[in-house]
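Engineer: There's a structure below that I have some questions on.
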Amino acid sequence: MTASLKVLIIGGYGIFGGRIVELLEDEARLTLVVGGRSIAKARDFIASRKDVKAALLPAAFDRNGDVSRQMSAIDPHVVIDASGPFQDYGDDRYRVVEACLNHGANYLDLADGSDFVAAIGAFNDHARATGLFILSGVSSFPVLTAAAVRRLSAGMTHVKSIRGGIAPSPYAVVGENVIRAIASYAGQRITLMRNGAFATGWPLTERVRYTVATPGYVPLRNTLFSLVDVPDLRALPQLWSEASDIWMGAGPRPEVLHRFLICLAWLVRLRLLPSISPIAPLMHVVANRIRWGEHRGGMFIEVEGVTEPGVPCTRSWHMIAEGDDGPFIPSMAVEALIRNMLRGHPPAPGARSSVHDLELEDYDRLFSRRAIVTGFRDDSEQTGALTLYAVILGDALNRLPLQIRDIHDVRSSMTAEGRARVERGNGLLAWLTAAVFGFPTTNPDIYVRVRFDVSNGVETWTRQFGDDRFQSQQFAGSSRSDRLLCERFGPFTFAMALVVEGDRLSLVLRRWSFFGLPLPLWLCPHSDSYESAEQERFNFHVKISHPLTGLIIRYDGWLVPVKTEASRS
């Protein structure tokens with residue numbers, strides 16, 4: 001165990017530096033020196049922090065000034081450069097690193113520039129000789145990325161491609177230096193691995209869509225990701241040299257602003273503009289003023305490879321962060337390293353990218369303290385034999401009671417029987433809506449029979465309540481409904497998230513359409529639907545209503561599979 005550490009955070013009252021302080025301020029063994037060009041701002045920031053255990057000290061620190069003199073006055077054990085943008089540091093960009101080596105201080109930075117991080121190895125011999133660690137790029141890109149790829153590629157004999165992306169919450173505060181960094185490379189040439197060789201990439205003009213979907217949780221809405229210049233593009237090919245394609249993106253929202261940024265990047269790529277850096281201040285204002293959408297963010301890493309028998313394999317790691325917890329993730333690598341030091345496990349001496357210094361377990365300890373969930377998915381070709389619910393739920397299916405798992409383990413056909421109670425709405429509109437869908441009439445206790453038939457991945461559910469019968473088709477969503485369960489009633493299709501809440505499986509509406517035409521969610525009927533297990537039986541609860549009609553229908557009851565059904569495999 002380390003008795004105490006003095007940590008200088010350059011840019012300590014900024015966006016990333018401030019988050020590092022907030023993550024570490026509960027540790028009494030730390031002295032956190034909040035450094036920046038304005039000591040008044042440092043003092044104001046410290047005054048805003050309440051109930052802290054660490055000692056917080058303000059300091060005037062200008063990395064463009066006499067760095068050696070300023071560092072001598074502070075005498076830190078660790079220096080964290082959280083300022084940036086690292087792409088603009090110029091010819092003398094490693095002056096802080098050199099000062100740390102001369103004064104015996106360890107060094108961490110949150111550099112997001114691939115060139116800056118790649119060249120840090122030039123100080124390796126000096127760092128090893130002095131017993132110091134000099135780690136660059138200590139952030140989600142590339143530390144968390146590399147940790148996820150190591151886990152995902154376990155058991156693979158060959159890694160073919162790696163891709164990933166971060167989708168921050170639209171309500172996350174974006175620092176001006178982040179915007180300046182993005183503006184500096186938007187539409188400019190960068191180098192990345194493509195088709196087995198280093199090739200030219202064009203940030204923000206190359207795009208993919210992806211759904212971040214931690215198994216058992218409400219996924220992020222299908223997100224547009226654009227190529228970004230991050231350290232992963234240089235670091236990952238060194239770790240997985242056999243990978244023929246490596247691609248990393250960001251999915252800022254709202255999407256309309258993202259698309260406007262893409263248009264500006266294309267103007268640079270086509271040489272109609274030299275750069276969009278001059279409008280970075282305006283971009284910063286817009287990014288922090290124009291916001292809408294869900295206050296959640298996420299990240300994904302996907303690895304394609306080959307397992308030992310030569311079978312193609314596709315695995316992915318997903319992370320979703322709710323509310324204000326997401327913006328802390330880029331700073332958590334620094335938090336993990338500092339806490340490891342306090343536990344007596346500092347990084348090994350040397351200067352390098354930090355891709356080897358943390359594993360997912362280090363992050364999991366920190367995520368568990370916040371509203372951040374992670375999970376894995378296996379989308380390999382050999383998983384094609386999985387049932388519909390197993391495909392969508394992934395390993396979250398195993399967290400559910402056996403009775404729920406059994407009712408959804410349908411591979412050809414199955415029948416289940418039970419009892420239910422039904423309540424129909426009384427209004428004319430409610431009656432008409434229920435009649436259109438064929439919903440059953442009110443009955444306090446009625447026999448129920450459900451037939452499940454599977455064909456080409458589509459489950460047809462034929463429900464019979466007494467003499468009333470209605471039918472729907474369930475299938476895995478695609479495109480904007482990717483990772484959702486879709487249920488079709490005639491011309492209407494409802495896309496729902498399968499959410500595991502304890503021993504309950506809830507179906508949460510996310511999208512709906514009429515003859516394939518997307519409709520606003522605020523117009524959609526409200527649904528409260530979930531499945532549970534009680535008295536060793538499968539139980540269902542469905543309530544559908546609408547502000548214009550009130551209650552449309554509510555039915556709940558239980559089912560048990562018919563034992564004599566032989567067609568179930």
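Letters A, B, ... go to the chains of the structure tokens in the order shown; residues in each chain start at 1; ligands are counted from 1 in the same order.
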As a VMD selection string, please: every residue in region 428-563 of chain A that DSSP puts in helix (DSSP H, G or I).

Structural biologist: chain A and resid 428 to 437 479 to 481 521 to 523

Engineer: Which residues are close to region 459-475 of chain A, i.e. within 7 Å by only C-alpha atoms, leaving aside same-chain residues fewer than 2 positions away? Reply as an NGL selection string.

Structural biologist: :A and (388 or 438-440 or 446-455 or 457 or 477 or 485-489)

Engineer: Which residues are near Ile320 (chain A)? Cut-off 6 Å, only C-alpha atoms, ignore same chain within fewer than 5 positions. Put them as a PyMOL selection string.

Structural biologist: chain A and resi 297-298+372-373

Engineer: Can you list, as a PDB file with all heavy atoms, in the first residue's frame, every protein, DNA or RNA residue that comes within 9 Å of Ala186 (chain A) when you count only C-alpha atoms, leaving out same-chain residues fewer than 6 positions away?

Structural biologist:
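Wrote around24.pdb, looks like this:
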```pdb
ATOM      1  N   TRP A 202     -10.306   9.132 -43.984  1.00  0.00           N
ATOM      2  CA  TRP A 202     -10.800  10.517 -44.011  1.00  0.00           C
ATOM      3  C   TRP A 202     -11.790  10.705 -42.864  1.00  0.00           C
ATOM      4  O   TRP A 202     -12.969  10.345 -42.983  1.00  0.00           O
ATOM      5  CB  TRP A 202     -11.460  10.821 -45.351  1.00  0.00           C
ATOM      6  CG  TRP A 202     -10.562  10.590 -46.527  1.00  0.00           C
ATOM      7  CD1 TRP A 202     -10.439   9.441 -47.254  1.00  0.00           C
ATOM      8  CD2 TRP A 202      -9.647  11.527 -47.097  1.00  0.00           C
ATOM      9  NE1 TRP A 202      -9.517   9.603 -48.248  1.00  0.00           N
ATOM     10  CE2 TRP A 202      -9.009  10.884 -48.185  1.00  0.00           C
ATOM     11  CE3 TRP A 202      -9.310  12.854 -46.802  1.00  0.00           C
ATOM     12  CZ2 TRP A 202      -8.053  11.503 -48.963  1.00  0.00           C
ATOM     13  CZ3 TRP A 202      -8.363  13.483 -47.589  1.00  0.00           C
ATOM     14  CH2 TRP A 202      -7.745  12.820 -48.651  1.00  0.00           C
ATOM     15  N   PRO A 203     -11.335  11.241 -41.743  1.00  0.00           N
ATOM     16  CA  PRO A 203     -12.206  11.379 -40.575  1.00  0.00           C
ATOM     17  C   PRO A 203     -13.494  12.134 -40.857  1.00  0.00           C
ATOM     18  O   PRO A 203     -13.511  13.122 -41.597  1.00  0.00           O
ATOM     19  CB  PRO A 203     -11.324  12.152 -39.583  1.00  0.00           C
ATOM     20  CG  PRO A 203      -9.936  11.808 -39.975  1.00  0.00           C
ATOM     21  CD  PRO A 203      -9.968  11.689 -41.466  1.00  0.00           C
ATOM     22  N   LEU A 204     -14.557  11.624 -40.277  1.00  0.00           N
ATOM     23  CA  LEU A 204     -15.907  12.170 -40.301  1.00  0.00           C
ATOM     24  C   LEU A 204     -16.604  12.009 -41.650  1.00  0.00           C
ATOM     25  O   LEU A 204     -17.811  12.223 -41.743  1.00  0.00           O
ATOM     26  CB  LEU A 204     -15.933  13.644 -39.883  1.00  0.00           C
ATOM     27  CG  LEU A 204     -15.502  13.905 -38.446  1.00  0.00           C
ATOM     28  CD1 LEU A 204     -15.425  15.384 -38.167  1.00  0.00           C
ATOM     29  CD2 LEU A 204     -16.472  13.248 -37.470  1.00  0.00           C
ATOM     30  N   THR A 205     -15.886  11.614 -42.695  1.00  0.00           N
ATOM     31  CA  THR A 205     -16.547  11.358 -43.978  1.00  0.00           C
ATOM     32  C   THR A 205     -16.783   9.867 -44.197  1.00  0.00           C
ATOM     33  O   THR A 205     -17.449   9.494 -45.167  1.00  0.00           O
ATOM     34  CB  THR A 205     -15.729  11.923 -45.152  1.00  0.00           C
ATOM     35  OG1 THR A 205     -14.502  11.196 -45.275  1.00  0.00           O
ATOM     36  CG2 THR A 205     -15.427  13.398 -44.953  1.00  0.00           C
ATOM     37  N   VAL A 228     -12.865   8.670 -36.551  1.00  0.00           N
ATOM     38  CA  VAL A 228     -12.126   9.706 -35.827  1.00  0.00           C
ATOM     39  C   VAL A 228     -10.660   9.305 -35.734  1.00  0.00           C
ATOM     40  O   VAL A 228     -10.317   8.119 -35.810  1.00  0.00           O
ATOM     41  CB  VAL A 228     -12.704   9.941 -34.410  1.00  0.00           C
ATOM     42  CG1 VAL A 228     -14.051  10.642 -34.491  1.00  0.00           C
ATOM     43  CG2 VAL A 228     -12.834   8.623 -33.643  1.00  0.00           C
ATOM     44  N   ASP A 229      -9.806  10.312 -35.585  1.00  0.00           N
ATOM     45  CA  ASP A 229      -8.369  10.074 -35.465  1.00  0.00           C
ATOM     46  C   ASP A 229      -8.034   9.888 -33.996  1.00  0.00           C
ATOM     47  O   ASP A 229      -7.953  10.854 -33.237  1.00  0.00           O
ATOM     48  CB  ASP A 229      -7.597  11.259 -36.046  1.00  0.00           C
ATOM     49  CG  ASP A 229      -6.083  11.052 -35.973  1.00  0.00           C
ATOM     50  OD1 ASP A 229      -5.660   9.881 -35.887  1.00  0.00           O
ATOM     51  OD2 ASP A 229      -5.344  12.050 -35.991  1.00  0.00           O
ATOM     52  N   LEU A 261     -21.732  18.410 -39.367  1.00  0.00           N
ATOM     53  CA  LEU A 261     -20.282  18.309 -39.212  1.00  0.00           C
ATOM     54  C   LEU A 261     -19.683  17.444 -40.317  1.00  0.00           C
ATOM     55  O   LEU A 261     -18.596  17.736 -40.836  1.00  0.00           O
ATOM     56  CB  LEU A 261     -19.956  17.728 -37.832  1.00  0.00           C
ATOM     57  CG  LEU A 261     -18.476  17.600 -37.446  1.00  0.00           C
ATOM     58  CD1 LEU A 261     -17.789  18.950 -37.488  1.00  0.00           C
ATOM     59  CD2 LEU A 261     -18.352  16.978 -36.058  1.00  0.00           C
ATOM     60  N   ILE A 262     -20.382  16.394 -40.694  1.00  0.00           N
ATOM     61  CA  ILE A 262     -19.925  15.539 -41.787  1.00  0.00           C
ATOM     62  C   ILE A 262     -19.837  16.343 -43.088  1.00  0.00           C
ATOM     63  O   ILE A 262     -18.875  16.211 -43.860  1.00  0.00           O
ATOM     64  CB  ILE A 262     -20.872  14.335 -41.950  1.00  0.00           C
ATOM     65  CG1 ILE A 262     -20.714  13.378 -40.766  1.00  0.00           C
ATOM     66  CG2 ILE A 262     -20.618  13.602 -43.268  1.00  0.00           C
ATOM     67  CD1 ILE A 262     -21.769  12.279 -40.720  1.00  0.00           C
ATOM     68  N   LEU A 264     -19.283  19.532 -43.407  1.00  0.00           N
ATOM     69  CA  LEU A 264     -18.102  20.402 -43.328  1.00  0.00           C
ATOM     70  C   LEU A 264     -16.828  19.601 -43.585  1.00  0.00           C
ATOM     71  O   LEU A 264     -15.907  20.076 -44.273  1.00  0.00           O
ATOM     72  CB  LEU A 264     -18.046  21.058 -41.951  1.00  0.00           C
ATOM     73  CG  LEU A 264     -19.144  22.073 -41.622  1.00  0.00           C
ATOM     74  CD1 LEU A 264     -18.995  22.559 -40.182  1.00  0.00           C
ATOM     75  CD2 LEU A 264     -19.108  23.257 -42.580  1.00  0.00           C
ATOM     76  N   ALA A 265     -16.768  18.372 -43.044  1.00  0.00           N
ATOM     77  CA  ALA A 265     -15.590  17.536 -43.261  1.00  0.00           C
ATOM     78  C   ALA A 265     -15.417  17.204 -44.741  1.00  0.00           C
ATOM     79  O   ALA A 265     -14.292  17.140 -45.252  1.00  0.00           O
ATOM     80  CB  ALA A 265     -15.697  16.262 -42.428  1.00  0.00           C
ATOM     81  N   TRP A 266     -16.528  16.989 -45.433  1.00  0.00           N
ATOM     82  CA  TRP A 266     -16.443  16.715 -46.869  1.00  0.00           C
ATOM     83  C   TRP A 266     -15.896  17.919 -47.628  1.00  0.00           C
ATOM     84  O   TRP A 266     -15.154  17.763 -48.618  1.00  0.00           O
ATOM     85  CB  TRP A 266     -17.806  16.320 -47.421  1.00  0.00           C
ATOM     86  CG  TRP A 266     -18.027  14.844 -47.409  1.00  0.00           C
ATOM     87  CD1 TRP A 266     -18.815  14.117 -46.560  1.00  0.00           C
ATOM     88  CD2 TRP A 266     -17.431  13.901 -48.303  1.00  0.00           C
ATOM     89  NE1 TRP A 266     -18.750  12.784 -46.850  1.00  0.00           N
ATOM     90  CE2 TRP A 266     -17.907  12.613 -47.926  1.00  0.00           C
ATOM     91  CE3 TRP A 266     -16.545  13.999 -49.364  1.00  0.00           C
ATOM     92  CZ2 TRP A 266     -17.525  11.453 -48.598  1.00  0.00           C
ATOM     93  CZ3 TRP A 266     -16.169  12.842 -50.030  1.00  0.00           C
ATOM     94  CH2 TRP A 266     -16.641  11.595 -49.656  1.00  0.00           C
ATOM     95  N   VAL A 268     -13.675  19.901 -46.566  1.00  0.00           N
ATOM     96  CA  VAL A 268     -12.224  19.850 -46.369  1.00  0.00           C
ATOM     97  C   VAL A 268     -11.623  18.738 -47.220  1.00  0.00           C
ATOM     98  O   VAL A 268     -10.598  18.927 -47.884  1.00  0.00           O
ATOM     99  CB  VAL A 268     -11.892  19.634 -44.874  1.00  0.00           C
ATOM    100  CG1 VAL A 268     -10.387  19.479 -44.685  1.00  0.00           C
ATOM    101  CG2 VAL A 268     -12.416  20.799 -44.043  1.00  0.00           C
ATOM    102  N   ARG A 269     -12.262  17.577 -47.213  1.00  0.00           N
ATOM    103  CA  ARG A 269     -11.741  16.452 -48.000  1.00  0.00           C
ATOM    104  C   ARG A 269     -11.675  16.791 -49.492  1.00  0.00           C
ATOM    105  O   ARG A 269     -10.731  16.396 -50.187  1.00  0.00           O
ATOM    106  CB  ARG A 269     -12.606  15.216 -47.765  1.00  0.00           C
ATOM    107  CG  ARG A 269     -12.160  14.005 -48.579  1.00  0.00           C
ATOM    108  CD  ARG A 269     -12.955  12.764 -48.204  1.00  0.00           C
ATOM    109  NE  ARG A 269     -12.592  11.632 -49.059  1.00  0.00           N
ATOM    110  CZ  ARG A 269     -13.061  10.396 -48.918  1.00  0.00           C
ATOM    111  NH1 ARG A 269     -13.920  10.129 -47.936  1.00  0.00           N
ATOM    112  NH2 ARG A 269     -12.680   9.421 -49.735  1.00  0.00           N
ATOM    113  N   SER A 275      -9.526  23.864 -43.754  1.00  0.00           N
ATOM    114  CA  SER A 275      -9.746  23.294 -42.429  1.00  0.00           C
ATOM    115  C   SER A 275     -10.989  23.936 -41.834  1.00  0.00           C
ATOM    116  O   SER A 275     -11.401  25.030 -42.243  1.00  0.00           O
ATOM    117  CB  SER A 275      -8.534  23.555 -41.525  1.00  0.00           C
ATOM    118  OG  SER A 275      -8.813  23.218 -40.179  1.00  0.00           O
ATOM    119  N   ILE A 276     -11.606  23.243 -40.871  1.00  0.00           N
ATOM    120  CA  ILE A 276     -12.726  23.860 -40.165  1.00  0.00           C
ATOM    121  C   ILE A 276     -12.303  24.344 -38.786  1.00  0.00           C
ATOM    122  O   ILE A 276     -13.148  24.740 -37.979  1.00  0.00           O
ATOM    123  CB  ILE A 276     -13.933  22.899 -40.050  1.00  0.00           C
ATOM    124  CG1 ILE A 276     -13.569  21.651 -39.236  1.00  0.00           C
ATOM    125  CG2 ILE A 276     -14.452  22.517 -41.422  1.00  0.00           C
ATOM    126  CD1 ILE A 276     -14.779  20.761 -38.949  1.00  0.00           C
ATOM    127  N   SER A 277     -10.997  24.362 -38.537  1.00  0.00           N
ATOM    128  CA  SER A 277     -10.502  24.833 -37.242  1.00  0.00           C
ATOM    129  C   SER A 277     -10.938  26.249 -36.901  1.00  0.00           C
ATOM    130  O   SER A 277     -11.212  26.545 -35.732  1.00  0.00           O
ATOM    131  CB  SER A 277      -8.978  24.719 -37.190  1.00  0.00           C
ATOM    132  OG  SER A 277      -8.571  23.364 -37.154  1.00  0.00           O
TER     133      SER A 277
END
```

Engineer: Counting only C-alpha atoms, which residues in region 154-224 of chain A sit no more than 10 Å from region 137-144 of chain A? For each one, give the nearest pair of atoms and the distance in Å, sorted by chain then residue number, as a tab-separated table.

Structural biologist:
```
residue	atom	partner	partner_atom	distance
A:Gly164	CA	A:Phe141	CA	9.6
A:Gly165	CA	A:Phe141	CA	9.2
A:Ile166	CA	A:Ser140	CA	8.7
```

Engineer: Using the chain letters and numbers from this document, which residues of region 42-91 of chain A does DSSP assign to strand (DSSP E), as a PyMOL selection string?

Structural biologist: chain A and resi 55-60+78-81

Engineer: Would you put the residues from that selection into a file with C-alpha atoms, as a JSON list (two decimals), in the first residue's frame?

Structural biologist:
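Saved as selection_24.json:
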```json
[["chain", "number", "residue", "atom", "x", "y", "z"],
["A", 55, "ALA", "CA", -6.41, 17.51, -0.08],
["A", 56, "LEU", "CA", -7.14, 19.92, -2.93],
["A", 57, "LEU", "CA", -4.56, 22.61, -3.68],
["A", 58, "PRO", "CA", -4.68, 25.32, -6.37],
["A", 59, "ALA", "CA", -1.62, 26.08, -8.50],
["A", 60, "ALA", "CA", -0.79, 28.35, -11.40],
["A", 78, "VAL", "CA", 2.52, 12.05, -10.68],
["A", 79, "VAL", "CA", 1.68, 14.61, -13.36],
["A", 80, "ILE", "CA", -1.53, 14.25, -15.36],
["A", 81, "ASP", "CA", -1.86, 16.34, -18.51]]
```

Engineer: Show which residues sit within 12 Å of region 309-312 of chain A, as a PyMOL selection string. Count only C-alpha atoms, and ignore same-chain residues fewer than 4 positions away.

Structural biologist: chain A and resi 155-161+303-305+378-383

Engineer: Ala434 (chain A): which residues within 10 Å, counting only C-alpha atoms, same-chain residues fewer than 2 positions away excluded, as JSON, numbers by chain?

Structural biologist: {"A": [424, 425, 428, 429, 430, 431, 432, 436, 437, 438, 439, 440, 441, 544, 551, 552, 553]}

Engineer: Go through A:Thr442, A:Asn288, A:Asn426, A:Ser331 one by one, measure the shortest atom-to-atom distance of each to Tyr171 (chain A) using only C-alpha atoms, and give the residue with the smallest value.

Structural biologist: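 Among A:Thr442, A:Asn288, A:Asn426, A:Ser331, it is A:Asn288 that comes nearest to Tyr171 (chain A).
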
Engineer: Using Å and a single decimal, report how far CA of Asp245 (chain A) sits from CA of Leu270 (chain A).

Structural biologist: 24.4 Å

Engineer: Which region 194-260 of chain A residues have any atom within 12 Å of an atom of region 119-128 of chain A, and for each, what is the nearest pair of atoms with distance in Å to one decimal, counting only C-alpha atoms, rows sorted by chain and number, as JSON lines?

Structural biologist:
```
{"residue": "A:Pro231", "atom": "CA", "partner": "A:Ala119", "partner_atom": "CA", "distance": 10.7}
{"residue": "A:Arg234", "atom": "CA", "partner": "A:Ala119", "partner_atom": "CA", "distance": 10.2}
{"residue": "A:Ala235", "atom": "CA", "partner": "A:Ala119", "partner_atom": "CA", "distance": 10.8}
```

Engineer: Keeping all heavy atoms, export the residues of the selection given above as a compact mmCIF listing (two decimals), in the first residue's frame.

Structural biologist:
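Contents of the output file again.txt:
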```txt
# COMPACT_ATOMS: atom_id res chain seq x y z
N PRO A 231 -5.75 7.30 -30.95
CA PRO A 231 -4.52 6.49 -30.83
C PRO A 231 -4.69 5.03 -31.21
O PRO A 231 -3.71 4.37 -31.58
CB PRO A 231 -4.16 6.64 -29.35
CG PRO A 231 -4.75 7.95 -28.94
CD PRO A 231 -6.02 8.06 -29.72
N ARG A 234 -3.12 3.55 -34.44
CA ARG A 234 -1.69 3.21 -34.46
C ARG A 234 -1.36 2.11 -33.44
O ARG A 234 -0.54 1.24 -33.72
CB ARG A 234 -0.85 4.45 -34.12
CG ARG A 234 -1.05 5.61 -35.07
CD ARG A 234 -0.36 5.37 -36.40
NE ARG A 234 -0.38 6.57 -37.21
CZ ARG A 234 0.56 7.50 -37.20
NH1 ARG A 234 1.60 7.38 -36.39
NH2 ARG A 234 0.46 8.57 -37.97
N ALA A 235 -2.02 2.15 -32.29
CA ALA A 235 -1.66 1.21 -31.21
C ALA A 235 -2.17 -0.20 -31.47
O ALA A 235 -1.45 -1.18 -31.24
CB ALA A 235 -2.21 1.73 -29.88
```

Engineer: Could you list, as number ranges by chain, every residue within 8 Å of Val560 (chain A), counting only C-alpha atoms and ignoring same-chain residues fewer than 3 positions away?

Structural biologist: A: 407, 416-418, 537-538

Engineer: From the options A:Leu402, A:Leu484, A:Leu507, A:Glu423, which residue's atoms come nearest to Gly557 (chain A), counting only C-alpha atoms?

Structural biologist: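 The answer is A:Glu423, which sits nearest to Gly557 (chain A).
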